[in-house]
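Structure file final-v6.txt (compact mmCIF, C-alpha atoms) follows.
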```
# COMPACT_ATOMS: atom_id res chain seq x y z
CA MET A 1471 107.30 131.68 159.15
CA THR A 1472 104.23 130.24 157.42
CA TYR A 1473 102.94 131.92 154.27
CA SER A 1474 99.24 132.01 153.56
CA PRO A 1475 97.38 133.23 150.47
CA ALA A 1476 95.22 135.22 152.86
CA GLN A 1477 98.13 137.59 153.44
CA ASP A 1478 97.72 140.76 151.44
CA TRP A 1479 101.37 141.30 150.53
CA HIS A 1480 101.19 139.28 147.33
CA ASP A 1481 98.80 138.64 144.48
CA PRO A 1482 97.00 135.32 145.14
CA GLU A 1483 96.34 134.63 141.46
CA LEU A 1484 97.87 131.29 140.43
CA LEU A 1485 100.43 131.26 137.65
CA ASP A 1486 99.18 129.53 134.53
CA LEU A 1487 101.42 126.56 133.70
CA GLY A 1488 101.03 127.52 130.05
CA SER A 1489 102.92 130.76 130.75
CA ALA A 1490 106.15 128.92 131.64
CA PRO A 1491 108.73 129.49 128.86
CA VAL A 1492 109.56 125.87 128.05
CA PRO A 1493 113.09 125.16 126.69
CA GLU A 1494 113.46 124.72 122.93
CA TYR A 1495 114.35 121.03 122.98
CA GLY A 1496 115.05 119.70 119.50
CA THR A 1497 115.53 123.08 117.83
CA GLY A 1498 117.40 125.48 120.10
CA SER A 1499 118.65 124.01 123.38
CA LEU A 1500 122.06 123.11 124.77
CA ALA A 1501 121.29 119.47 124.01
CA ASP A 1502 121.17 120.33 120.30
CA LEU A 1503 124.62 121.93 120.09
CA LEU A 1504 127.16 119.10 120.00
CA PRO A 1505 125.03 116.76 117.85
CA THR A 1506 124.72 119.56 115.30
CA LEU A 1507 128.46 120.25 115.26
CA ALA A 1508 129.44 116.59 115.12
CA ALA A 1509 126.85 115.79 112.45
CA GLY A 1510 128.41 118.54 110.34
CA GLN A 1511 131.75 116.77 110.73
CA GLY A 1512 130.33 113.52 109.44
CA VAL A 1513 129.80 111.65 112.72
CA PRO A 1514 127.14 109.00 111.99
CA GLY A 1515 123.92 108.69 113.94
CA LEU A 1516 123.61 112.38 114.84
CA SER A 1517 121.31 115.08 113.47
CA ALA A 1518 121.90 118.81 112.95
CA THR A 1519 118.89 120.07 114.90
CA LEU A 1520 120.28 123.58 115.44
CA ALA A 1521 119.48 124.54 111.89
CA GLU A 1522 121.06 128.01 112.07
CA LEU A 1523 124.61 126.67 112.38
CA THR A 1524 126.93 126.08 109.43
CA PRO A 1525 129.29 123.06 109.49
CA ALA A 1526 133.00 123.51 110.12
CA ASP A 1527 135.96 121.12 109.97
CA ARG A 1528 137.12 122.20 113.42
CA ASN A 1529 134.72 123.05 116.23
CA CYS A 1530 135.39 124.43 119.69
CA VAL A 1531 132.82 124.89 122.47
CA PHE A 1532 133.85 127.21 125.30
CA LEU A 1533 131.30 126.83 128.11
CA ILE A 1534 131.41 129.56 130.73
CA ASP A 1535 129.56 128.48 133.86
CA GLY A 1536 126.89 131.00 134.84
CA LEU A 1537 127.14 133.36 131.84
CA GLY A 1538 123.51 134.01 130.96
CA TRP A 1539 122.43 135.97 127.89
CA GLU A 1540 120.78 138.70 129.95
CA GLN A 1541 123.90 139.15 132.05
CA ILE A 1542 125.97 139.92 128.94
CA VAL A 1543 123.36 142.33 127.61
CA ALA A 1544 123.25 144.15 130.96
CA HIS A 1545 127.05 144.64 131.21
CA PRO A 1546 128.41 145.93 127.88
CA GLU A 1547 131.10 148.04 129.52
CA TRP A 1548 132.45 145.04 131.44
CA ALA A 1549 132.36 142.64 128.50
CA PRO A 1550 133.03 144.66 125.35
CA TYR A 1551 134.27 141.72 123.28
CA LEU A 1552 131.38 139.44 124.22
CA THR A 1553 128.97 142.29 123.57
CA SER A 1554 130.42 142.79 120.10
CA LEU A 1555 129.67 139.11 119.40
CA LEU A 1556 125.98 139.21 120.39
CA PRO A 1557 124.82 139.63 116.75
CA THR A 1558 126.66 136.40 115.83
CA SER A 1559 124.71 134.31 118.33
CA ARG A 1560 122.79 131.30 117.07
CA GLY A 1561 124.15 131.33 113.55
CA GLY A 1562 124.01 135.09 113.07
CA THR A 1563 120.38 135.49 114.12
CA GLY A 1564 121.41 137.45 117.21
CA ARG A 1565 119.27 135.21 119.42
CA PRO A 1566 120.11 133.07 122.46
CA ILE A 1567 119.45 129.38 122.91
CA THR A 1568 117.83 127.77 125.94
CA SER A 1569 119.59 125.90 128.70
CA GLY A 1570 117.01 123.24 129.53
CA PHE A 1571 115.15 122.61 132.76
CA PRO A 1572 116.27 122.88 135.39
CA ALA A 1573 118.86 125.49 134.43
CA THR A 1574 121.61 124.05 136.60
CA THR A 1575 125.13 122.81 136.00
CA ALA A 1576 124.79 119.04 136.37
CA THR A 1577 121.71 118.93 134.16
CA SER A 1578 123.11 121.28 131.53
CA LEU A 1579 126.51 119.61 131.26
CA ALA A 1580 124.81 116.25 130.82
CA SER A 1581 122.62 117.77 128.09
CA VAL A 1582 125.65 119.27 126.35
CA GLY A 1583 127.74 116.13 126.49
CA THR A 1584 125.11 113.53 125.63
CA GLY A 1585 123.06 115.62 123.24
CA LEU A 1586 119.96 114.45 125.11
CA PRO A 1587 117.34 116.32 127.17
CA PRO A 1588 117.10 115.70 130.93
CA ALA A 1589 114.19 113.26 130.59
CA ARG A 1590 116.50 111.01 128.58
CA HIS A 1591 119.97 111.38 130.14
CA GLY A 1592 118.48 111.23 133.63
CA LEU A 1593 120.09 114.14 135.48
CA PRO A 1594 116.93 116.21 135.98
CA GLY A 1595 118.16 118.44 138.80
CA TYR A 1596 120.80 119.37 141.33
CA ALA A 1597 119.65 116.75 143.83
CA VAL A 1598 117.06 114.10 142.96
CA ARG A 1599 115.67 110.94 144.47
CA ASN A 1600 117.36 107.67 143.60
CA PRO A 1601 114.39 105.32 143.17
CA ALA A 1602 116.58 102.31 143.97
CA SER A 1603 117.57 103.56 147.43
CA GLY A 1604 114.98 106.22 148.24
CA GLU A 1605 117.78 108.67 149.07
CA LEU A 1606 118.50 112.06 147.57
CA MET A 1607 121.39 111.89 145.12
CA ASN A 1608 123.41 115.06 144.55
CA GLN A 1609 124.28 114.85 140.86
CA LEU A 1610 126.91 117.60 140.95
CA ARG A 1611 128.88 116.11 143.84
CA TRP A 1612 127.76 112.53 143.06
CA GLN A 1613 126.81 111.80 146.67
CA PRO A 1614 125.92 109.19 147.77
CA TRP A 1615 127.87 107.11 145.28
CA THR A 1616 126.04 105.21 142.59
CA SER A 1617 127.36 103.61 139.42
CA PRO A 1618 127.80 106.37 136.80
CA GLN A 1619 127.16 104.02 133.88
CA VAL A 1620 123.94 102.77 135.44
CA TRP A 1621 122.77 106.29 136.25
CA GLN A 1622 123.51 107.60 132.72
CA PRO A 1623 124.01 104.77 130.19
CA TYR A 1624 124.08 106.70 126.91
CA PRO A 1625 127.34 107.42 125.03
CA THR A 1626 128.55 110.99 124.92
CA VAL A 1627 128.88 112.92 121.67
CA PHE A 1628 132.61 113.07 122.37
CA GLN A 1629 132.80 109.29 122.43
CA LEU A 1630 130.90 109.06 119.15
CA ALA A 1631 133.13 111.71 117.57
CA ASP A 1632 136.31 110.02 118.76
CA ALA A 1633 135.12 106.69 117.35
CA ALA A 1634 134.47 108.43 114.01
CA GLY A 1635 138.07 109.66 113.78
CA ILE A 1636 137.54 113.24 114.99
CA ALA A 1637 140.43 114.66 117.04
CA THR A 1638 138.48 115.07 120.28
CA ALA A 1639 139.61 116.74 123.50
CA GLN A 1640 138.36 118.36 126.68
CA VAL A 1641 140.49 121.09 128.26
CA SER A 1642 139.44 121.92 131.80
CA SER A 1643 140.56 122.04 135.41
CA PRO A 1644 142.52 118.93 136.47
CA ALA A 1645 140.05 118.58 139.36
CA PHE A 1646 137.32 117.52 136.94
CA GLN A 1647 139.23 114.76 135.13
CA THR A 1648 138.03 111.79 137.17
CA THR A 1649 134.67 113.01 138.47
CA PRO A 1650 131.61 110.85 137.77
CA LEU A 1651 129.87 113.82 136.09
CA THR A 1652 132.77 114.15 133.65
CA LYS A 1653 132.69 110.41 132.96
CA ILE A 1654 128.99 110.26 132.11
CA ALA A 1655 128.70 113.64 130.34
CA LEU A 1656 132.01 114.79 128.90
CA SER A 1657 134.26 111.79 128.38
CA GLY A 1658 135.65 110.69 125.02
CA GLY A 1659 138.95 111.48 123.32
CA THR A 1660 141.63 113.15 125.43
CA PHE A 1661 141.18 115.02 128.72
CA LEU A 1662 143.83 117.69 129.33
CA GLY A 1663 143.90 119.46 132.68
CA ARG A 1664 145.22 123.00 133.02
CA MET A 1665 144.89 125.25 136.05
CA THR A 1666 144.47 128.75 134.61
CA GLY A 1667 142.01 130.05 132.09
CA GLU A 1668 144.83 131.37 129.94
CA GLU A 1669 146.49 127.94 129.80
CA ARG A 1670 143.20 126.38 128.77
CA MET A 1671 142.68 128.87 125.95
CA ASP A 1672 146.16 128.28 124.57
CA LEU A 1673 145.89 124.51 124.78
CA ALA A 1674 142.41 124.46 123.27
CA ALA A 1675 143.77 126.30 120.25
CA ASP A 1676 146.62 123.80 119.95
CA ARG A 1677 144.24 120.85 120.12
CA LEU A 1678 142.00 122.33 117.46
CA ALA A 1679 144.96 122.43 115.10
CA ALA A 1680 145.92 118.81 115.90
CA GLY A 1681 143.54 117.27 113.38
CA ASP A 1682 141.96 118.02 110.03
CA ARG A 1683 138.66 117.49 111.84
CA SER A 1684 138.64 118.35 115.52
CA LEU A 1685 136.13 118.82 118.33
CA VAL A 1686 137.41 120.57 121.47
CA TYR A 1687 135.52 121.52 124.63
CA THR A 1688 136.84 123.90 127.27
CA TYR A 1689 135.28 125.20 130.45
CA TYR A 1690 135.58 128.01 133.02
CA SER A 1691 133.72 127.92 136.35
CA GLU A 1692 134.89 130.92 138.38
CA LEU A 1693 132.24 133.35 137.08
CA ASP A 1694 129.52 131.09 138.48
CA GLY A 1695 131.30 130.91 141.84
CA ALA A 1696 131.48 134.70 142.11
CA GLY A 1697 127.80 134.96 141.26
CA HIS A 1698 126.77 132.44 143.91
CA ARG A 1699 128.89 134.05 146.61
CA HIS A 1700 128.47 137.74 145.84
CA GLY A 1701 125.65 138.02 143.31
CA VAL A 1702 125.57 139.14 139.69
CA ASP A 1703 125.22 142.73 140.89
CA SER A 1704 128.63 142.72 142.57
CA ASP A 1705 132.09 144.02 141.78
CA ALA A 1706 133.50 140.52 142.25
CA TRP A 1707 131.19 139.12 139.56
CA ARG A 1708 131.89 142.00 137.19
CA GLY A 1709 135.61 141.47 137.68
CA GLN A 1710 135.21 137.84 136.66
CA LEU A 1711 133.14 138.91 133.66
CA MET A 1712 136.00 141.16 132.53
CA HIS A 1713 138.38 138.24 132.84
CA VAL A 1714 136.08 135.95 130.85
CA ASP A 1715 135.82 138.60 128.15
CA ARG A 1716 139.61 138.59 127.77
CA LEU A 1717 139.78 134.79 127.75
CA VAL A 1718 137.31 134.54 124.87
CA GLN A 1719 139.26 137.08 122.86
CA ARG A 1720 142.53 135.28 123.63
CA LEU A 1721 141.15 132.01 122.26
CA ALA A 1722 139.54 133.68 119.26
CA GLU A 1723 142.81 135.25 118.21
CA GLN A 1724 144.53 131.82 118.12
CA LEU A 1725 142.00 129.80 116.13
CA PRO A 1726 143.53 127.64 113.40
CA PRO A 1727 142.02 127.77 109.90
CA ARG A 1728 138.57 126.31 109.21
CA THR A 1729 137.46 126.63 112.84
CA ALA A 1730 134.18 127.65 114.43
CA LEU A 1731 134.33 128.72 118.08
CA TYR A 1732 131.07 128.73 120.03
CA VAL A 1733 130.85 130.51 123.38
CA THR A 1734 127.94 129.36 125.51
CA ALA A 1735 126.90 128.70 129.11
CA ASP A 1736 125.00 126.24 131.24
CA HIS A 1737 122.62 128.77 132.80
CA GLY A 1738 122.21 132.38 133.85
CA MET A 1739 121.62 133.64 137.39
CA VAL A 1740 119.46 135.93 139.54
CA ASP A 1741 120.16 137.55 142.90
CA ILE A 1742 117.71 136.65 145.66
CA PRO A 1743 117.11 139.28 148.37
CA PHE A 1744 117.89 138.26 151.94
CA ASP A 1745 114.43 138.67 153.42
CA GLU A 1746 111.79 136.20 154.55
CA ASP A 1747 109.42 137.08 151.72
CA SER A 1748 112.07 136.20 149.09
CA ARG A 1749 113.61 133.21 150.87
CA ILE A 1750 110.89 130.80 151.92
CA ASP A 1751 112.38 128.39 154.44
CA PHE A 1752 110.97 124.91 153.89
CA ASP A 1753 112.53 123.67 157.13
CA GLU A 1754 110.53 126.24 159.10
CA ASP A 1755 107.21 125.96 157.22
CA TRP A 1756 104.89 123.23 158.47
CA GLU A 1757 102.40 123.74 155.63
CA LEU A 1758 104.93 123.09 152.88
CA GLY A 1759 106.41 120.16 154.77
CA ALA A 1760 103.14 118.34 155.36
CA GLY A 1761 103.12 115.06 153.47
CA VAL A 1762 106.61 115.60 152.03
CA ALA A 1763 109.09 112.75 152.33
CA LEU A 1764 112.04 114.42 150.56
CA LEU A 1765 112.82 117.90 149.23
CA GLY A 1766 115.12 117.80 146.21
CA GLY A 1767 116.32 120.14 143.50
CA GLU A 1768 117.51 123.58 144.57
CA GLY A 1769 116.04 126.89 145.65
CA ARG A 1770 114.55 127.94 142.33
CA ALA A 1771 113.75 124.50 140.90
CA ARG A 1772 112.41 122.10 143.49
CA HIS A 1773 111.57 118.41 143.23
CA VAL A 1774 109.08 117.55 145.96
CA TYR A 1775 108.70 113.84 146.79
CA ALA A 1776 105.48 113.08 148.65
CA VAL A 1777 104.72 110.40 151.18
CA PRO A 1778 102.90 107.64 149.24
CA GLY A 1779 99.23 108.57 148.97
CA ALA A 1780 99.79 112.27 149.75
CA GLU A 1781 100.75 113.39 146.23
CA SER A 1782 97.54 115.25 145.42
CA ASP A 1783 97.40 116.94 148.83
CA VAL A 1784 101.01 118.14 148.56
CA LEU A 1785 100.33 119.51 145.07
CA ALA A 1786 97.25 121.37 146.32
CA VAL A 1787 99.05 122.91 149.30
CA TRP A 1788 102.09 123.97 147.31
CA ARG A 1789 99.85 125.62 144.73
CA GLU A 1790 97.85 127.38 147.43
CA VAL A 1791 100.89 128.69 149.28
CA LEU A 1792 103.32 129.35 146.41
CA GLY A 1793 101.36 129.23 143.17
CA ASP A 1794 101.48 132.98 142.57
CA ARG A 1795 105.29 133.02 142.59
CA PHE A 1796 106.17 129.55 141.29
CA TRP A 1797 104.93 127.43 138.44
CA ILE A 1798 103.73 124.38 140.40
CA ALA A 1799 103.20 121.20 138.38
CA SER A 1800 102.68 117.54 139.06
CA ARG A 1801 105.25 115.19 137.55
CA GLU A 1802 102.81 114.27 134.79
CA GLU A 1803 102.03 117.93 134.01
CA ALA A 1804 105.70 118.88 133.88
CA LEU A 1805 106.46 116.02 131.50
CA ASP A 1806 103.40 116.65 129.32
CA ARG A 1807 104.31 120.31 128.98
CA GLY A 1808 107.85 119.52 127.95
CA TRP A 1809 109.75 120.88 130.93
CA PHE A 1810 112.31 118.06 130.93
CA GLY A 1811 112.25 117.23 127.22
CA PRO A 1812 109.82 116.63 124.36
CA PRO A 1813 106.52 115.20 125.67
CA GLY A 1814 106.39 111.43 125.60
CA GLU A 1815 110.16 110.96 125.59
CA CYS A 1816 110.96 110.30 129.24
CA ASP A 1817 112.97 107.15 129.96
CA GLU A 1818 111.34 104.80 132.44
CA ARG A 1819 114.41 104.84 134.68
CA VAL A 1820 114.13 108.65 135.00
CA LEU A 1821 110.47 108.91 136.06
CA GLY A 1822 111.08 108.28 139.75
CA ARG A 1823 113.87 110.83 139.85
CA ILE A 1824 111.45 113.64 139.01
CA GLY A 1825 109.42 115.01 141.90
CA ASP A 1826 105.78 114.17 142.48
CA VAL A 1827 105.51 117.97 142.50
CA VAL A 1828 107.87 120.28 140.60
CA ALA A 1829 108.19 123.95 141.58
CA ALA A 1830 109.88 126.44 139.23
CA ALA A 1831 110.35 130.02 140.42
CA HIS A 1832 108.81 132.89 138.48
CA ALA A 1833 109.50 135.77 140.87
CA ASP A 1834 112.87 136.59 142.46
CA VAL A 1835 112.29 134.08 145.25
CA ALA A 1836 113.73 130.78 146.43
CA ILE A 1837 112.63 127.87 148.59
CA THR A 1838 115.53 127.44 150.98
CA ALA A 1839 116.17 124.76 153.61
CA SER A 1840 118.14 126.36 156.41
CA VAL A 1841 118.67 123.16 158.39
CA ASN A 1842 119.28 120.58 155.67
CA GLU A 1843 120.90 122.88 153.09
CA PRO A 1844 122.70 125.60 155.09
CA ASN A 1845 125.33 126.37 152.46
CA GLU A 1846 122.96 126.48 149.48
CA SER A 1847 120.46 128.52 151.47
CA GLY A 1848 123.03 131.26 152.06
CA LEU A 1849 123.94 131.84 148.41
CA THR A 1850 123.30 135.29 146.97
CA GLY A 1851 123.00 134.30 143.31
CA MET A 1852 120.80 131.34 142.37
CA HIS A 1853 119.47 129.64 139.25
CA GLY A 1854 117.46 126.67 138.08
CA SER A 1855 114.15 127.94 136.79
CA MET A 1856 112.78 128.91 133.36
CA THR A 1857 112.90 132.70 133.63
CA PRO A 1858 114.85 134.42 130.82
CA ALA A 1859 117.63 135.46 133.22
CA GLU A 1860 118.31 131.79 134.03
CA GLN A 1861 117.18 129.95 130.93
CA LEU A 1862 118.60 131.99 128.03
CA VAL A 1863 122.27 131.42 127.24
CA PRO A 1864 124.47 132.75 124.44
CA LEU A 1865 125.74 130.84 121.45
CA LEU A 1866 128.31 133.36 120.24
CA GLU A 1867 130.26 132.40 117.13
CA ILE A 1868 133.75 133.27 115.83
CA ARG A 1869 135.05 131.72 112.62
CA SER A 1870 138.49 131.62 111.12
CA SER A 1871 139.03 131.41 107.38
```

Show this structure as C-alpha cells.
Amino acid sequence: MTYSPAQDWHDPELLDLGSAPVPEYGTGSLADLLPTLAAGQGVPGLSATLAELTPADRNCVFLIDGLGWEQIVAHPEWAPYLTSLLPTSRGGTGRPITSGFPATTATSLASVGTGLPPARHGLPGYAVRNPASGELMNQLRWQPWTSPQVWQPYPTVFQLADAAGIATAQVSSPAFQTTPLTKIALSGGTFLGRMTGEERMDLAADRLAAGDRSLVYTYYSELDGAGHRHGVDSDAWRGQLMHVDRLVQRLAEQLPPRTALYVTADHGMVDIPFDEDSRIDFDEDWELGAGVALLGGEGRARHVYAVPGAESDVLAVWREVLGDRFWIASREEALDRGWFGPPGECDERVLGRIGDVVAAAHADVAITASVNEPNESGLTGMHGSMTPAEQLVPLLEIRSS
C-alpha cells in the first residue's frame, strides 16, 4: 500500500528536526560510562565525563539487553528491587542516561566498550552500507564478513584498563566469546563464559574480588528476546523482567568491599501494532523505493542509501510521505544535529556508512521490508529511535562498603 500526505488519517505537519531528543554524548550517554569508571581507577588517557559518578576501586557493569528506563518505571510490581534502585540512578540524581543513536544493540555495545560515540567507532546501525563493497553489512551478525580491526580500529576501554593493571573480565554467554562484535567492542582482560544468569552473577562477584582494582562486565540478553518475540506488554516479557530483578539482587548481595555495581541497558523497546498504518512496508511501496539503492538500519531507525544523483529527491519524497511520523534528515543534517555524536566529530571512514537519508521514528510505527527482512518485519517489539521509551536507559547503582 502507498501512503500519501493527501490521506486524511494522519496529520501532514512535518516533524521539526529540532524536536528530536538528541543523545547526551559527552555528558550522559552509554559511551561515557566505562571511561568514567576506568578514569576513576587511574587508567591513563580517559576522562570522567559522567560527572555524577563517584570513583570506586572495583567497578561492575551489568548490561541487561532491552531494559529501558520507562519499562522499569511502568512495571514496579514485576521489578520491585530494580524499582527500589531508581533513585540511585546516575549518581543518585534519579535520572536515566541516554543510549545513543540508533538505540540498538550493536551500536550501543560498541559505544559501551570503546567509550566512543557511533560517529567515531563506526557501528552506526543494525545494518549499514560498507563503502568498500557497496553491500549492506549486518553489524550484529557480522555478515558479510569484513575485518573487525579495519571496521573498528580503536582500542576498547577493557584493553586500556587491562594494560593499566586493572583486573579486567567479561562474564557472558559462551556463544559471544569469539564473535567479531565482542572482539571490537568488549575484548580485553579475561572472557569467562557461563550459560545461566545465576552462574554469571556468581562469577562476576568472584572476579570483582580478584583484584584490588577490578573492572567486570556482565550481560543478559533474554529480556530483549522476549520483547522482540512477544512485546513488552506480554506475560513472557514480564516473566523475564522478574527474573532479571532477582539476578540484580543476587549480584548485589555478593559484592566484595569497595565495589560499585552499575545496572544499565543498551536500549528500551516499543510494541508496534500489526496493521498497515503502523507497519509501512518498504518492499511494497513504490514511492519510498524510488531512487533508493539500499535500505539499511532497522524498522525504527533507517539508513536510506540513494542511487547517485537521487539523494535530494529521495529526501524530499521520504519527508513528504513519512515526515509527520519520522524525523527525516539528510546525512549532513543528522551529523550536524549530533544524532551520531558531537557535531564535527565523525571519522572519515564512517561517513559512507551513514545513510544519505536517515529516518528515526517518532510515532509507534516502523518501516518494514517484508521481502528482504521477513524475520525482522515480524517482530512485535522494536527499537532504534530517539523516543524516551527507546533512548532512555537506567544507570542504577549499588555500593558496598

Practice task
Could you please give me, as an MDAnalysis selection string, the residues of protein, DNA or RNA lying at most 8 Å from (142.2, 119.8, 138.3) in the coordinate frame of the file, considering all atoms listed in the file?
Solution key: chainID A and resid 1642:1647 1663:1665

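Using all atoms listed in the file, the nearest neighbour of Ala1776 of chain A within the list A:Arg1716, A:His1853, A:His1545, A:Arg1801 is A:Arg1801.
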
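If you measure from each of A:Ser1603, A:Ser1704, A:Gln1640, A:Gln1541 to Tyr1689 of chain A using all atoms listed in the file, the closest one turns out to be A:Gln1640.
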
Handout entry: Among listed residues A:Asp1535, A:Asp1682, A:Asp1715, A:Asp1753, nearest Gly1738 of chain A (using only C-alpha atoms)
Key =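 Using only C-alpha atoms, Gly1738 of chain A sits closest to A:Asp1535.
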
Practice task
Could you check how far atom CA of Gly1561 of chain A sits from atom CA of Thr1626 of chain A, in Å to one decimal?
Solution key: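 Computing it gives 23.7 Å between the two atoms.
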